[in-house]
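Engineer: Pasting a structure below so you can have a look.
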Protein chains: 2
Amino acid sequence: MAENHPWKILSFKQIIDTPYLKVRSEEVAIPNGPVVSDYFIIENRGWVGIVPLTGDGRFLINRQYKHGIGREVLEFPAGAIDADEPEPEMTAHRELMEETGYSVVEGQLEPLAHFYANPTGARTEVWWYLARQVRKTGTPKVDPMEVIENLLVTPAELLDMMYSGDFNVLGQIGAAYMALERLGYIKIAL
Amino acid sequence: MAENHPWKILSFKQIIDTPYLKVRSEEVAIPNGPVVSDYFIIENRGWVGIVPLTGDGRFLINRQYKHGIGREVLEFPAGAIDADEPEPEMTAHRELMEETGYSVVEGQLEPLAHFYANPTGARTEVWWYLARQVRKTGTPKVDPMEVIENLLVTPAELLDMMYSGDFNVLGQIGAAYMALERLGYIKIAL
């Protein structure tokens, strides 16, 4: 795709600079438009999501309290890329083990999708993987900030949760559909 | 779903407070865990996305430069809820007209999904609508910060863009699948 209309960055300030959140404010010149003095952009290393599938065809999902909305959500394992993880596959293996105690052997972790989380206001990139034949080989990390209950659900149960709105995290729905399609549970009928 | 494990908010500071971005830093007590002094939460009124479908069965999508990632994306019309829009349907009608010049009559705008954008670090809620029988009845808003090219694509063309990675905005993929399913272009095969 052609990359038209790039805005010119005249200057920038780092407004928030922590390991958890970095926000910069840019002064930008808009083509045929004004100079905007404070265009905010959220920066991070991105995050990785994993759709784990057991040998008997069940999806492994998490139930976890999320303080941003102050309530629990159901979602696939996912987490932020660490500084020492140049390949998103490394994050996938680590997050799967930390959040579930399950692991996947190398050849069974396959790329599912690459997305931009919020192109308007964030650099954030997201990588999704399908992890087949996952097995419980370890123990989840104990972290009072991430108290996670693991659930195994059938494709029908996952779809029910999507339809009912119980599985309702934005970035997870597309991955769920893509995994269901990859696994043959969804057919295109044009 | 039960709401377990709520964290206790001990105090908070407003770090960024602009019309475009609000960030608060909370001091929170984690059950059976530490007190965290700076848990960041992004606040806004949420946003609305619209999947517009013409009478001849084509989807209306936008090509637009996004400065967060410094390149163009393909996506359905979407935008932030304004302060004077208590109902997300109002945002849906406004954004559809502003970004495309198309409109939808009242009975043809139907709820498609409700999501949380980032439950870990943001309050943001997202509402998606399917707009059937959209028609060009006006003129898009002229805004140098949102230079938008409108495209009409068939369901097959939309799917090709999703598979190729050209249609790759995280929050849009789930809505695309849900619309394709609602319209009968996707069948569940369990």
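Residue numbers start at 1 in each chain; chains themselves are named A, B, ... in the order of the structure tokens; ligands are numbered from 1 in the order shown.
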List as an MDAnalysis selection string the protein and nucleic acid residues near segment 28-34 of chain B, meaning an atom at most 6 Å away when only C-alpha atoms are counted, but skip any in the same chain fewer than 4 places from it.

Structural biologist: (chainID A and resid 144) or (chainID B and resid 7:10)

Engineer: Got time to write the residues from that selection, N, CA and C atoms, as a CSV table (one decimal), in the first residue's frame?

Structural biologist:
chain,number,residue,atom,x,y,z
A,144,PRO,N,0.5,-11.8,42.5
A,144,PRO,CA,-0.8,-11.3,43.0
A,144,PRO,C,-1.4,-10.2,42.1
B,7,TRP,N,-9.2,-4.5,43.0
B,7,TRP,CA,-8.1,-3.8,43.7
B,7,TRP,C,-8.7,-2.6,44.3
B,8,LYS,N,-8.1,-2.1,45.5
B,8,LYS,CA,-8.6,-1.0,46.2
B,8,LYS,C,-7.8,0.3,45.8
B,9,ILE,N,-8.5,1.3,45.3
B,9,ILE,CA,-7.8,2.5,44.9
B,9,ILE,C,-7.6,3.4,46.1
B,10,LEU,N,-6.4,3.7,46.4
B,10,LEU,CA,-6.0,4.4,47.6
B,10,LEU,C,-6.0,5.9,47.3

Engineer: Give me the residues near Tyr177 of chain A as JSON, numbers by chain, where near means some atom within 9 Å (using only C-alpha atoms) and where sequence neighbours in that chain fewer than 5 positions away do not count.

Structural biologist: {"A": [159, 172, 182, 186], "B": [173, 174, 177, 178]}

Engineer: Take the selection from the previous step and output its residues with all heavy atoms, as a short mmCIF file (atom, residue, chain, number, x, y, z; two decimals), in the first residue's frame.

Structural biologist:
data_model
loop_
_atom_site.label_atom_id
_atom_site.label_comp_id
_atom_site.auth_asym_id
_atom_site.auth_seq_id
_atom_site.Cartn_x
_atom_site.Cartn_y
_atom_site.Cartn_z
N LEU A 159 -17.53 -20.10 21.09
CA LEU A 159 -18.47 -19.32 20.26
C LEU A 159 -19.63 -18.79 21.10
O LEU A 159 -20.04 -17.64 20.93
CB LEU A 159 -18.99 -20.18 19.10
CG LEU A 159 -18.06 -20.25 17.89
CD1 LEU A 159 -18.42 -21.43 17.00
CD2 LEU A 159 -18.11 -18.94 17.10
N GLN A 172 -9.11 -9.72 21.04
CA GLN A 172 -9.15 -11.17 21.12
C GLN A 172 -10.15 -11.78 20.13
O GLN A 172 -10.02 -12.95 19.77
CB GLN A 172 -9.55 -11.57 22.56
CG GLN A 172 -8.55 -11.11 23.60
CD GLN A 172 -7.70 -12.25 24.12
OE1 GLN A 172 -8.11 -13.41 24.04
NE2 GLN A 172 -6.53 -11.95 24.61
N ARG A 182 -8.92 -21.21 10.82
CA ARG A 182 -7.73 -22.03 10.54
C ARG A 182 -7.98 -23.49 10.87
O ARG A 182 -7.49 -24.40 10.20
CB ARG A 182 -6.55 -21.47 11.36
CG ARG A 182 -5.23 -22.23 11.25
CD ARG A 182 -4.43 -21.86 10.03
NE ARG A 182 -4.13 -20.45 9.92
CZ ARG A 182 -3.00 -19.85 10.34
NH1 ARG A 182 -2.07 -20.56 10.91
NH2 ARG A 182 -2.82 -18.55 10.15
N ILE A 186 -14.96 -22.75 10.93
CA ILE A 186 -15.68 -21.69 10.23
C ILE A 186 -15.43 -21.85 8.74
O ILE A 186 -14.30 -22.07 8.32
CB ILE A 186 -15.16 -20.30 10.69
CG1 ILE A 186 -15.81 -19.91 12.01
CG2 ILE A 186 -15.40 -19.25 9.63
CD1 ILE A 186 -15.31 -18.60 12.53
N ILE B 173 -10.95 -6.34 12.95
CA ILE B 173 -11.00 -7.70 12.41
C ILE B 173 -12.19 -8.47 12.99
O ILE B 173 -12.93 -9.15 12.27
CB ILE B 173 -9.69 -8.45 12.73
CG1 ILE B 173 -8.50 -7.68 12.16
CG2 ILE B 173 -9.74 -9.88 12.22
CD1 ILE B 173 -8.42 -7.65 10.67
N GLY B 174 -12.38 -8.35 14.30
CA GLY B 174 -13.50 -9.04 14.92
C GLY B 174 -14.82 -8.54 14.36
O GLY B 174 -15.73 -9.34 14.08
N TYR B 177 -15.41 -10.05 10.87
CA TYR B 177 -15.91 -11.43 10.95
C TYR B 177 -17.36 -11.46 11.42
O TYR B 177 -18.19 -12.21 10.90
CB TYR B 177 -15.05 -12.26 11.90
CG TYR B 177 -13.84 -12.91 11.28
CD1 TYR B 177 -12.56 -12.42 11.52
CD2 TYR B 177 -13.97 -14.02 10.46
CE1 TYR B 177 -11.44 -13.03 10.96
CE2 TYR B 177 -12.87 -14.64 9.91
CZ TYR B 177 -11.60 -14.15 10.15
OH TYR B 177 -10.52 -14.75 9.60
N MET B 178 -17.68 -10.65 12.45
CA MET B 178 -19.04 -10.67 12.98
C MET B 178 -20.05 -10.20 11.93
O MET B 178 -21.14 -10.76 11.83
CB MET B 178 -19.13 -9.80 14.23
CG MET B 178 -18.48 -10.47 15.43
SD MET B 178 -18.74 -9.54 16.97
CE MET B 178 -18.74 -10.90 18.17
#

Engineer: As a VMD selection string, could you give me every residue of chain B near chain A (at most 8 Å apart, counting only C-alpha atoms)?

Structural biologist: chain B and resid 1 to 7 20 to 21 30 to 34 40 to 42 65 to 73 113 to 123 126 144 to 145 155 to 156 165 to 166 168 to 175 177 184 to 190

Engineer: If we count only C-alpha atoms, what is near segment 92-98 of chain A at a cut-off of 12 Å, once residues fewer than 5 positions away on the same chain are taken out, given as a PyMOL selection string?

Structural biologist: chain A and resi 47-53+60-62+76-82+84-87+103-106+108-112+126-131+134-143+146-148+150

Engineer: Among segment 57-112 of chain A, which ones does DSSP assign to strand (DSSP E or B) (computed from the backbone)? Answer as a count of residues only.

Structural biologist: 22

Engineer: Mind giving me the straight-line distance from atom CA of Glu89 of chain B to atom CA of Glu157 of chain B in Å, one decimal?

Structural biologist: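 Separation of atom CA of Glu89 of chain B and atom CA of Glu157 of chain B: 27.4 Å.
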
Engineer: Would you mind reading off the distance between atom CA of Met161 of chain A and atom CA of Glu99 of chain A, one decimal, in Å?

Structural biologist: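 Computing the Euclidean distance for atom CA of Met161 of chain A and atom CA of Glu99 of chain A yields 20.3 Å.
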
Engineer: Identify, with DSSP run on backbone atoms, the residues in chain B assigned to alpha helix (DSSP H), and express the list as a ChimeraX atom specification.

Structural biologist: /B:88-100,155-164,170-182

Engineer: Report the distance between atom CA of Glu149 of chain A and atom CA of Gly101 of chain A in Å, rounded to one decimal place.

Structural biologist: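 Pair atom CA of Glu149 of chain A / atom CA of Gly101 of chain A returns 11.3 Å.
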